[in-house]
Structures are given as structure tokens and as C-alpha cells.
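Trainee: This is the content of protein00.txt (compact mmCIF, C-alpha atoms and all ligand atoms):
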# COMPACT_ATOMS: atom_id res chain seq x y z
CA MET A 1 129.95 122.76 128.38
CA THR A 2 129.93 126.20 126.78
CA THR A 3 128.84 127.55 123.42
CA THR A 4 132.49 127.75 122.31
CA HIS A 5 132.79 123.95 122.27
CA THR A 6 132.47 122.09 118.97
CA LEU A 7 129.22 120.49 117.81
CA SER A 8 130.74 117.04 118.29
CA ASP A 9 131.68 117.86 121.91
CA VAL A 10 128.11 118.93 122.54
CA ALA A 11 126.72 115.83 120.81
CA ALA A 12 128.92 113.63 122.99
CA ILE A 13 127.05 114.81 126.12
CA SER A 14 124.19 112.38 125.57
CA LEU A 15 121.87 110.89 122.99
CA ALA A 16 119.31 113.46 124.10
CA ALA A 17 121.81 116.12 123.01
CA VAL A 18 122.13 114.39 119.64
CA ARG A 19 118.39 114.45 119.18
CA THR A 20 118.16 118.13 120.12
CA LEU A 21 120.91 119.06 117.65
CA GLU A 22 119.13 117.03 115.01
CA GLN A 23 115.84 118.81 115.62
CA HIS A 24 117.59 122.11 114.95
CA GLY A 25 119.35 120.82 111.83
CA LEU A 26 122.80 121.25 113.42
CA ASP A 27 125.30 118.85 111.82
CA TYR A 28 127.22 117.32 114.76
CA CYS A 29 128.29 114.40 112.66
CA CYS A 30 130.46 115.22 109.67
CA GLY A 31 130.34 118.96 110.39
CA GLY A 32 131.08 118.25 114.05
CA LYS A 33 134.34 120.21 114.20
CA GLN A 34 132.38 123.45 113.82
CA ASN A 35 132.03 125.74 116.81
CA PHE A 36 128.61 125.28 118.46
CA GLY A 37 127.88 128.99 118.91
CA GLU A 38 128.80 129.85 115.34
CA ALA A 39 126.77 126.95 113.91
CA CYS A 40 123.71 128.12 115.88
CA ALA A 41 124.19 131.72 114.74
CA ALA A 42 124.47 130.58 111.11
CA LYS A 43 121.01 129.00 111.48
CA GLY A 44 119.57 132.07 113.21
CA LEU A 45 119.36 130.20 116.55
CA ASN A 46 120.27 131.54 119.96
CA PRO A 47 123.19 129.37 121.17
CA ASP A 48 122.36 129.85 124.85
CA SER A 49 118.77 128.74 124.47
CA VAL A 50 119.74 125.68 122.39
CA MET A 51 122.33 124.78 125.05
CA GLN A 52 119.69 125.16 127.74
CA GLU A 53 117.40 122.84 125.79
CA ILE A 54 120.20 120.28 125.59
CA GLU A 55 120.85 120.46 129.34
CA GLN A 56 117.15 120.02 130.04
CA ALA A 57 116.82 117.12 127.59
CA LYS A 58 119.72 115.44 129.33
CA ALA A 59 118.18 115.89 132.74
CA GLY A 60 114.83 114.58 131.56
CA SER A 61 116.02 111.52 129.66
CA ALA A 62 116.08 108.05 131.17
CA GLU A 63 119.56 106.91 132.06
CA GLU A 64 121.50 105.79 129.01
CA ARG A 65 124.84 104.04 128.89
CA ASP A 66 127.69 106.50 129.27
CA TRP A 67 129.85 105.51 126.32
CA HIS A 68 132.71 107.70 127.51
CA THR A 69 133.38 105.35 130.39
CA ALA A 70 131.86 102.02 129.31
CA PRO A 71 134.41 99.39 128.26
CA LEU A 72 135.55 100.13 124.72
CA GLY A 73 134.71 96.64 123.48
CA GLU A 74 131.17 97.07 124.74
CA LEU A 75 130.75 100.24 122.69
CA ALA A 76 132.08 98.52 119.55
CA GLN A 77 129.68 95.62 120.12
CA HIS A 78 126.79 98.00 120.72
CA ILE A 79 127.49 99.76 117.39
CA VAL A 80 127.55 96.45 115.54
CA ALA A 81 124.49 94.99 117.27
CA THR A 82 122.43 98.17 116.91
CA HIS A 83 123.55 100.28 113.97
CA HIS A 84 125.26 97.75 111.70
CA ALA A 85 122.39 95.30 112.26
CA TYR A 86 119.91 98.04 111.36
CA LEU A 87 121.74 98.85 108.10
CA LYS A 88 122.07 95.20 107.10
CA ARG A 89 118.35 94.77 107.64
CA GLU A 90 117.10 98.04 106.14
CA LEU A 91 119.39 98.78 103.18
CA PRO A 92 118.01 95.88 101.09
CA VAL A 93 114.43 96.85 102.04
CA LEU A 94 115.03 100.44 100.99
CA SER A 95 116.69 99.32 97.75
CA ALA A 96 113.62 97.29 96.84
CA ARG A 97 111.37 100.27 97.63
CA MET A 98 113.59 102.56 95.55
CA ASP A 99 113.38 100.14 92.60
CA LYS A 100 109.61 99.96 92.88
CA VAL A 101 109.25 103.74 93.00
CA GLN A 102 111.48 104.12 89.94
CA GLU A 103 109.48 101.51 88.09
CA VAL A 104 106.10 103.05 88.88
CA HIS A 105 106.94 106.76 88.97
CA GLY A 106 110.02 106.94 86.73
CA PRO A 107 108.15 108.88 84.03
CA SER A 108 106.74 111.46 86.53
CA ASP A 109 110.13 112.59 87.81
CA ALA A 110 112.79 110.80 85.77
CA GLU A 111 115.79 112.97 86.52
CA THR A 112 115.38 113.26 90.30
CA LEU A 113 114.46 109.61 90.78
CA ALA A 114 117.39 108.40 88.70
CA ARG A 115 119.78 110.64 90.61
CA MET A 116 118.34 109.56 93.98
CA GLY A 117 118.53 105.89 93.00
CA GLY A 118 122.17 106.33 92.00
CA VAL A 119 123.14 108.17 95.19
CA PHE A 120 121.36 105.58 97.32
CA ALA A 121 122.92 102.61 95.51
CA ALA A 122 126.40 104.08 95.95
CA LEU A 123 125.70 104.78 99.63
CA ARG A 124 124.51 101.22 100.17
CA GLU A 125 127.52 99.71 98.48
CA GLU A 126 129.93 101.93 100.36
CA MET A 127 128.30 101.28 103.75
CA GLU A 128 128.22 97.52 103.28
CA LEU A 129 131.92 97.44 102.49
CA HIS A 130 132.63 99.96 105.23
CA MET A 131 130.88 97.89 107.91
CA HIS A 132 132.77 94.84 106.74
CA LYS A 133 136.09 96.68 107.19
CA GLU A 134 135.09 97.82 110.66
CA GLU A 135 133.87 94.41 111.78
CA ALA A 136 136.66 92.36 110.25
CA ILE A 137 139.65 94.61 110.87
CA LEU A 138 139.28 97.76 112.93
CA PHE A 139 136.81 96.85 115.68
CA PRO A 140 138.59 93.63 116.75
CA PHE A 141 141.71 95.72 117.39
CA ILE A 142 139.73 98.33 119.26
CA GLU A 143 138.25 95.57 121.41
CA ARG A 144 141.75 94.28 122.14
CA TYR A 145 142.75 97.80 123.15
CA GLY A 146 139.82 97.82 125.57
CA VAL A 147 140.90 94.52 127.09
CA ALA A 148 144.53 95.70 127.39
CA GLU A 149 143.34 98.84 129.16
CA ALA A 150 141.17 96.88 131.59
CA LYS A 151 144.05 94.53 132.39
CA GLY A 152 146.59 97.34 132.59
CA ILE A 153 148.86 95.72 129.99
CA PRO A 154 150.51 97.42 126.98
CA MET A 155 148.41 97.99 123.86
CA PRO A 156 148.79 95.17 121.32
CA PRO A 157 150.73 96.16 118.19
CA VAL A 158 148.60 96.80 115.10
CA PRO A 159 149.56 95.74 111.57
CA PHE A 160 148.68 99.16 110.15
CA GLY A 161 151.38 101.13 112.03
CA THR A 162 149.01 103.18 114.10
CA ILE A 163 145.30 102.76 114.66
CA ALA A 164 144.89 106.35 113.47
CA ASN A 165 145.44 105.13 109.87
CA PRO A 166 142.35 102.91 109.45
CA ILE A 167 140.39 105.39 111.59
CA ALA A 168 141.23 108.21 109.16
CA MET A 169 139.98 106.02 106.33
CA MET A 170 136.73 105.25 108.17
CA GLU A 171 136.22 108.96 108.85
CA ARG A 172 136.66 109.76 105.16
CA GLU A 173 134.01 107.17 104.33
CA HIS A 174 131.69 108.62 106.99
CA LYS A 175 132.08 112.00 105.35
CA SER A 176 131.15 110.55 102.01
CA ALA A 177 128.08 108.82 103.53
CA GLY A 178 127.11 112.11 105.18
CA GLY A 179 127.39 113.80 101.77
CA ALA A 180 125.08 111.19 100.22
CA LEU A 181 122.49 111.78 102.97
CA LEU A 182 122.67 115.53 102.33
CA GLU A 183 122.18 114.98 98.63
CA ILE A 184 119.15 112.74 99.22
CA ARG A 185 117.74 115.37 101.56
CA ALA A 186 118.19 118.03 98.88
CA LEU A 187 116.69 115.84 96.13
CA THR A 188 113.61 115.11 98.26
CA HIS A 189 113.29 118.78 99.33
CA ASP A 190 113.70 117.78 102.98
CA TYR A 191 111.52 114.70 102.52
CA LEU A 192 108.52 116.62 101.27
CA LEU A 193 106.29 114.14 99.45
CA PRO A 194 105.79 114.93 95.74
CA PRO A 195 102.24 115.30 94.38
CA TYR A 196 102.40 111.86 92.72
CA ALA A 197 103.36 110.11 95.97
CA CYS A 198 101.68 106.76 96.60
CA SER A 199 102.14 104.71 99.75
CA THR A 200 105.42 103.24 98.44
CA VAL A 201 106.90 106.70 97.91
CA ALA A 202 105.75 107.65 101.41
CA ALA A 203 107.33 104.49 102.83
CA LEU A 204 110.54 105.16 100.91
CA TYR A 205 110.81 108.74 102.17
CA ALA A 206 110.00 107.69 105.75
CA GLY A 207 112.59 104.90 105.56
CA LEU A 208 115.25 107.23 104.14
CA GLN A 209 114.62 109.71 106.92
CA ILE A 210 115.05 107.02 109.57
CA LEU A 211 118.21 105.90 107.76
CA GLU A 212 119.56 109.43 107.99
CA ALA A 213 118.84 109.70 111.73
CA ASP A 214 120.28 106.28 112.50
CA LEU A 215 123.40 106.84 110.42
CA HIS A 216 124.00 110.18 112.14
CA VAL A 217 123.94 108.59 115.59
CA HIS A 218 126.04 105.68 114.32
CA ILE A 219 128.74 107.96 112.85
CA HIS A 220 128.60 110.14 115.94
CA LEU A 221 129.34 107.19 118.24
CA GLU A 222 132.31 106.21 116.08
CA ASN A 223 133.77 109.63 115.16
CA ASN A 224 133.18 111.38 118.46
CA ILE A 225 133.57 108.61 121.04
CA LEU A 226 134.90 105.24 119.85
CA PHE A 227 137.71 106.47 117.61
CA PRO A 228 139.05 109.26 119.87
CA ARG A 229 139.06 106.84 122.82
CA ALA A 230 141.02 104.25 120.81
CA ILE A 231 143.54 106.87 119.64
CA ALA A 232 143.96 108.13 123.22
CA LEU A 233 144.60 104.59 124.47
CA GLU A 234 147.27 104.04 121.87
CA LYS A 235 149.03 107.27 122.87
CA ARG A 236 148.86 106.41 126.57
FE FE A 301 130.02 101.53 111.83
FE FE A 302 131.83 103.66 110.45
When written as C-alpha cells, how does the structure in this file appear?
Ligand SMILES: [Fe+2]
Ligand SMILES: [Fe+2]
Mentor:
Amino acid sequence: MTTTHTLSDVAAISLAAVRTLEQHGLDYCCGGKQNFGEACAAKGLNPDSVMQEIEQAKAGSAEERDWHTAPLGELAQHIVATHHAYLKRELPVLSARMDKVQEVHGPSDAETLARMGGVFAALREEMELHMHKEEAILFPFIERYGVAEAKGIPMPPVPFGTIANPIAMMEREHKSAGGALLEIRALTHDYLLPPYACSTVAALYAGLQILEADLHVHIHLENNILFPRAIALEKR
């Protein structure tokens, strides 16, 4: 891997790479098509030293599943069991926290809180529908692709012409979710607690930050590994 690769190529090395990119604020997810070296330079980072850090993190991390070679169906199931399950569990919890914060602190910061509540509500609605589309339509086909590959039989035909069509739609929705996370980050000034923060505000900010990290890894696994592998299988 060299510094001329894209951020998404670098992120695909390992989850340790994802974490390192995250620590440096490098957007491997929706901004993943950017050149790694240029993205580092734009943040005033030395690309070679960040790359070295990534290599070291990879060497030091416990063995993790290599999703480039694992059966495709297993990756789809992992995403559902880990990341979709997390969202289904946490989005309602965060909504309740957001409501409580608005109720208690609305008068202290009306404009920001209203905007944040709106962005979050739209993100929740979009993600719930999005996961439903993946689980009900796209992922079952991807799993069938995985089975066809393992058995060495032709790919099953898909009702949407090419699998690239629903994938392009999912990627557009990922981009929109990424935009919502960026907006929440800006509204919270990088999750800096406001002076009026009580424990609920602190819990809300902490939860939103975990949501951001989880959603980044989730979108990364889909955009950078699952979807390209499915498209490559179809073209085979
Ligand atoms: Fe997903
Ligand atoms: Fe997705």
C-alpha cells in the first residue's frame, strides 16, 4: 500500500487502519475516493508517518476476520448482526435522550438543539428504511451471489437489471447519512459539551459519537468491501 492509494483502499487493510484514520479525522467513508497522501496533506499530516502508524496498528492488532476473503454471505450477516442490530437498539435510545435534552434545555440553546433534533430524526428515519431495504432486498441477493461463487455456478439473475443499481442507491443514502453525521459534529462543535450540560446531554453527546464511529465502520464495510465484491462477482 502506498500513499497514492485512496482512503478507502487504506481503510480496507484492517479495522485497525479504520481506527487510525478515524483518530486523524481522515474521512475514509464517504470521502473515501480521495487520495490518501493528499487527504493527509490537507490536514497538515505527514502521509508516510500516518501510513507507518497504520502498518504498525495492523501488526499489533489481534487477528480479525479478513472480509476480503471471507464468504460474502458471512460478511452480509456480520453487518446485520453487528451494525444493523446496534442501530436498531441505539437509535430509539438516542431519540429519547434527544427529546429529553430538548425538553429540559430547549430554552438555553433553542436554535442548535432544534436543528440537531431535526437532523437526527431525519437520519434515524433514513437509516431505518435503508436497513430494511438492505435486509429485505439487496443482502439476500448478495448472499446468493456468495453461494453461487462457492459452488462455481452462474450468478442468479437479479430483478433490478444489475446489482450495481440498488448498490448505487445504497451508496447515495450512505452519503446522506455521512452528511448528517458531519452536521451533528459541526453543531456540537466536535462534541464539546456546552456549559449547561447535565448528565443527559453528556450521555447524548457520548452516544452520538459512538453512533458516528459505528456508522463509519458499517458504511466502510459495505461501500469498500461488500459492494465492490458483489459487483466484481456479477462481472465475472
Ligand atoms: Fe447496512
Ligand atoms: Fe448501508
Trainee: Around ligand FE 302 (chain A), at most 7 Å away and counting only C-alpha atoms and all ligand atoms, which residues are there? Put them as a VMD selection string, please.
Mentor: chain A and resid 130 to 131 134 170 174 219 222
Trainee: Taking a cut-off of 12 Å and counting all atoms listed in the file, can you build a table that, for each residue of chain A near ligand FE 301 (chain A), reports the nearest atom pair and how far apart they are in Å (one decimal), sorted by chain then residue number, as a Markdown table?
Mentor:
| residue | atom | partner | partner_atom | distance |
| --- | --- | --- | --- | --- |
| A:Leu75 | CA | A:FE301 | FE | 11.0 |
| A:Ala76 | CA | A:FE301 | FE | 8.5 |
| A:Gln77 | CA | A:FE301 | FE | 10.2 |
| A:His78 | CA | A:FE301 | FE | 10.1 |
| A:Ile79 | CA | A:FE301 | FE | 6.4 |
| A:Val80 | CA | A:FE301 | FE | 6.8 |
| A:Ala81 | CA | A:FE301 | FE | 10.1 |
| A:Thr82 | CA | A:FE301 | FE | 9.7 |
| A:His83 | CA | A:FE301 | FE | 6.9 |
| A:His84 | CA | A:FE301 | FE | 6.1 |
| A:Ala85 | CA | A:FE301 | FE | 9.9 |
| A:Tyr86 | CA | A:FE301 | FE | 10.7 |
| A:Leu87 | CA | A:FE301 | FE | 9.5 |
| A:Lys88 | CA | A:FE301 | FE | 11.2 |
| A:Glu126 | CA | A:FE301 | FE | 11.5 |
| A:Met127 | CA | A:FE301 | FE | 8.3 |
| A:Glu128 | CA | A:FE301 | FE | 9.6 |
| A:Leu129 | CA | A:FE301 | FE | 10.4 |
| A:His130 | CA | A:FE301 | FE | 7.3 |
| A:Met131 | CA | A:FE301 | FE | 5.4 |
| A:His132 | CA | A:FE301 | FE | 8.8 |
| A:Lys133 | CA | A:FE301 | FE | 9.0 |
| A:Glu134 | CA | A:FE301 | FE | 6.4 |
| A:Glu135 | CA | A:FE301 | FE | 8.1 |
| A:Ala136 | CA | A:FE301 | FE | 11.4 |
| A:Ile137 | CA | A:FE301 | FE | 11.9 |
| A:Leu138 | CA | A:FE301 | FE | 10.1 |
| A:Phe139 | CA | A:FE301 | FE | 9.1 |
| A:Ile167 | CA | A:FE301 | FE | 11.1 |
| A:Met170 | CA | A:FE301 | FE | 8.5 |
| A:Glu171 | CA | A:FE301 | FE | 10.1 |
| A:Glu173 | CA | A:FE301 | FE | 10.2 |
| A:His174 | CA | A:FE301 | FE | 8.7 |
| A:Ala177 | CA | A:FE301 | FE | 11.2 |
| A:Asp214 | CA | A:FE301 | FE | 10.9 |
| A:Leu215 | CA | A:FE301 | FE | 8.6 |
| A:His216 | CA | A:FE301 | FE | 10.5 |
| A:Val217 | CA | A:FE301 | FE | 10.0 |
| A:His218 | CA | A:FE301 | FE | 6.3 |
| A:Ile219 | CA | A:FE301 | FE | 6.6 |
| A:His220 | CA | A:FE301 | FE | 9.6 |
| A:Leu221 | CA | A:FE301 | FE | 8.6 |
| A:Glu222 | CA | A:FE301 | FE | 6.7 |
| A:Asn223 | CA | A:FE301 | FE | 9.5 |
| A:Leu226 | CA | A:FE301 | FE | 10.1 |
| A:Phe227 | CA | A:FE301 | FE | 10.8 |
Trainee: Counting all atoms listed in the file, I want the residues whose atoms come within 12 Å of (117.5, 120.7, 104.0) in the file frame, returned as a ChimeraX atom specification.
Mentor: /A:22-27,43,181-192,209
Trainee: Those residues you just picked out, can you put them in a file as a short mmCIF file (atom, residue, chain, number, x, y, z; two decimals), in the coordinates of the input with C-alpha atoms?
Mentor:
data_model
loop_
_atom_site.label_atom_id
_atom_site.label_comp_id
_atom_site.auth_asym_id
_atom_site.auth_seq_id
_atom_site.Cartn_x
_atom_site.Cartn_y
_atom_site.Cartn_z
CA GLU A 22 119.13 117.03 115.01
CA GLN A 23 115.84 118.81 115.62
CA HIS A 24 117.59 122.11 114.95
CA GLY A 25 119.35 120.82 111.83
CA LEU A 26 122.80 121.25 113.42
CA ASP A 27 125.30 118.85 111.82
CA LYS A 43 121.01 129.00 111.48
CA LEU A 181 122.49 111.78 102.97
CA LEU A 182 122.67 115.53 102.33
CA GLU A 183 122.18 114.98 98.63
CA ILE A 184 119.15 112.74 99.22
CA ARG A 185 117.74 115.37 101.56
CA ALA A 186 118.19 118.03 98.88
CA LEU A 187 116.69 115.84 96.13
CA THR A 188 113.61 115.11 98.26
CA HIS A 189 113.29 118.78 99.33
CA ASP A 190 113.70 117.78 102.98
CA TYR A 191 111.52 114.70 102.52
CA LEU A 192 108.52 116.62 101.27
CA GLN A 209 114.62 109.71 106.92
#
Trainee: Do a neighbour search on Thr2 of chain A at 9 Å with only C-alpha atoms, toss out local chain neighbours closer than 4 positions, and write the hits as a count of residues only.
Mentor: 5
Trainee: Find the residues near Lys235 of chain A: any atom within 10 Å, counting all atoms listed in the file, skip ones fewer than 4 places away on the same chain, and give them as a PyMOL selection string.
Mentor: chain A and resi 155+162+229-231
Trainee: Which of these, A:Ala39, A:Leu211, A:Cys30, A:Ala17, has the shortest distance to Arg172 of chain A once you count only C-alpha atoms?
Mentor: A:Cys30
Trainee: Please provide the set of residues having any atom within 12 Å of Glu53 of chain A, restricted to only C-alpha atoms, with same-chain residues fewer than 3 positions apart removed, written as a ChimeraX atom specification.
Mentor: /A:10,16-21,23-24,45-50,56-60
Trainee: Separation of atom CA of Tyr28 of chain A and atom CA of Leu7 of chain A, in Å?
Mentor: 4.8 Å
Trainee: Quick one: residues within 10 Å of (109.0, 103.5, 94.5) (file frame), counting all atoms listed in the file, please, as a PyMOL selection string.
Mentor: chain A and resi 94-106+113+117+197-205
Trainee: Working from the structure I just supplied, which lacks atoms in segment 206-230 of chain A, can you model N, CA and C atoms there and output them as an mmCIF file, in the coordinates of the input?
Mentor:
data_model
loop_
_atom_site.group_PDB
_atom_site.id
_atom_site.type_symbol
_atom_site.label_atom_id
_atom_site.label_comp_id
_atom_site.auth_asym_id
_atom_site.auth_seq_id
_atom_site.Cartn_x
_atom_site.Cartn_y
_atom_site.Cartn_z
ATOM 1 N N ALA A 206 109.945 107.898 104.294
ATOM 2 C CA ALA A 206 110.000 107.690 105.750
ATOM 3 C C ALA A 206 111.220 106.840 106.098
ATOM 4 N N GLY A 207 111.443 105.784 105.295
ATOM 5 C CA GLY A 207 112.590 104.900 105.560
ATOM 6 C C GLY A 207 113.904 105.634 105.392
ATOM 7 N N LEU A 208 113.998 106.494 104.370
ATOM 8 C CA LEU A 208 115.250 107.230 104.140
ATOM 9 C C LEU A 208 115.519 108.210 105.286
ATOM 10 N N GLN A 209 114.442 108.754 105.821
ATOM 11 C CA GLN A 209 114.620 109.710 106.920
ATOM 12 C C GLN A 209 115.106 109.008 108.191
ATOM 13 N N ILE A 210 114.582 107.804 108.415
ATOM 14 C CA ILE A 210 115.050 107.020 109.570
ATOM 15 C C ILE A 210 116.506 106.611 109.346
ATOM 16 N N LEU A 211 116.824 106.264 108.102
ATOM 17 C CA LEU A 211 118.210 105.900 107.760
ATOM 18 C C LEU A 211 119.144 107.062 108.093
ATOM 19 N N GLU A 212 118.734 108.258 107.726
ATOM 20 C CA GLU A 212 119.560 109.430 107.990
ATOM 21 C C GLU A 212 119.793 109.594 109.497
ATOM 22 N N ALA A 213 118.708 109.498 110.277
ATOM 23 C CA ALA A 213 118.840 109.700 111.730
ATOM 24 C C ALA A 213 119.708 108.606 112.346
ATOM 25 N N ASP A 214 119.502 107.367 111.921
ATOM 26 C CA ASP A 214 120.280 106.280 112.500
ATOM 27 C C ASP A 214 121.759 106.385 112.134
ATOM 28 N N LEU A 215 122.012 106.737 110.881
ATOM 29 C CA LEU A 215 123.400 106.840 110.420
ATOM 30 C C LEU A 215 124.113 108.004 111.127
ATOM 31 N N HIS A 216 123.383 109.058 111.423
ATOM 32 C CA HIS A 216 124.000 110.180 112.140
ATOM 33 C C HIS A 216 124.438 109.746 113.534
ATOM 34 N N VAL A 217 123.572 109.035 114.233
ATOM 35 C CA VAL A 217 123.940 108.590 115.590
ATOM 36 C C VAL A 217 125.092 107.588 115.516
ATOM 37 N N HIS A 218 125.016 106.702 114.546
ATOM 38 C CA HIS A 218 126.040 105.680 114.320
ATOM 39 C C HIS A 218 127.420 106.338 114.089
ATOM 40 N N ILE A 219 127.468 107.291 113.164
ATOM 41 C CA ILE A 219 128.740 107.960 112.850
ATOM 42 C C ILE A 219 129.205 108.780 114.044
ATOM 43 N N HIS A 220 128.256 109.369 114.740
ATOM 44 C CA HIS A 220 128.600 110.140 115.940
ATOM 45 C C HIS A 220 129.300 109.248 116.973
ATOM 46 N N LEU A 221 128.736 108.078 117.236
ATOM 47 C CA LEU A 221 129.340 107.190 118.240
ATOM 48 C C LEU A 221 130.757 106.788 117.823
ATOM 49 N N GLU A 222 130.968 106.593 116.541
ATOM 50 C CA GLU A 222 132.310 106.210 116.080
ATOM 51 C C GLU A 222 133.254 107.411 116.055
ATOM 52 N N ASN A 223 132.874 108.464 115.315
ATOM 53 C CA ASN A 223 133.770 109.630 115.160
ATOM 54 C C ASN A 223 134.064 110.345 116.477
ATOM 55 N N ASN A 224 133.024 110.500 117.289
ATOM 56 C CA ASN A 224 133.180 111.380 118.460
ATOM 57 C C ASN A 224 133.516 110.634 119.740
ATOM 58 N N ILE A 225 133.281 109.329 119.796
ATOM 59 C CA ILE A 225 133.570 108.610 121.040
ATOM 60 C C ILE A 225 134.503 107.415 120.824
ATOM 61 N N LEU A 226 134.089 106.463 120.006
ATOM 62 C CA LEU A 226 134.900 105.240 119.850
ATOM 63 C C LEU A 226 136.313 105.529 119.343
ATOM 64 N N PHE A 227 136.401 106.251 118.227
ATOM 65 C CA PHE A 227 137.710 106.470 117.610
ATOM 66 C C PHE A 227 138.627 107.334 118.492
ATOM 67 N N PRO A 228 138.140 108.470 119.018
ATOM 68 C CA PRO A 228 139.050 109.260 119.870
ATOM 69 C C PRO A 228 139.517 108.468 121.096
ATOM 70 N N ARG A 229 138.644 107.635 121.655
ATOM 71 C CA ARG A 229 139.060 106.840 122.820
ATOM 72 C C ARG A 229 140.150 105.843 122.426
ATOM 73 N N ALA A 230 140.012 105.214 121.256
ATOM 74 C CA ALA A 230 141.020 104.250 120.810
ATOM 75 C C ALA A 230 142.357 104.949 120.558
#
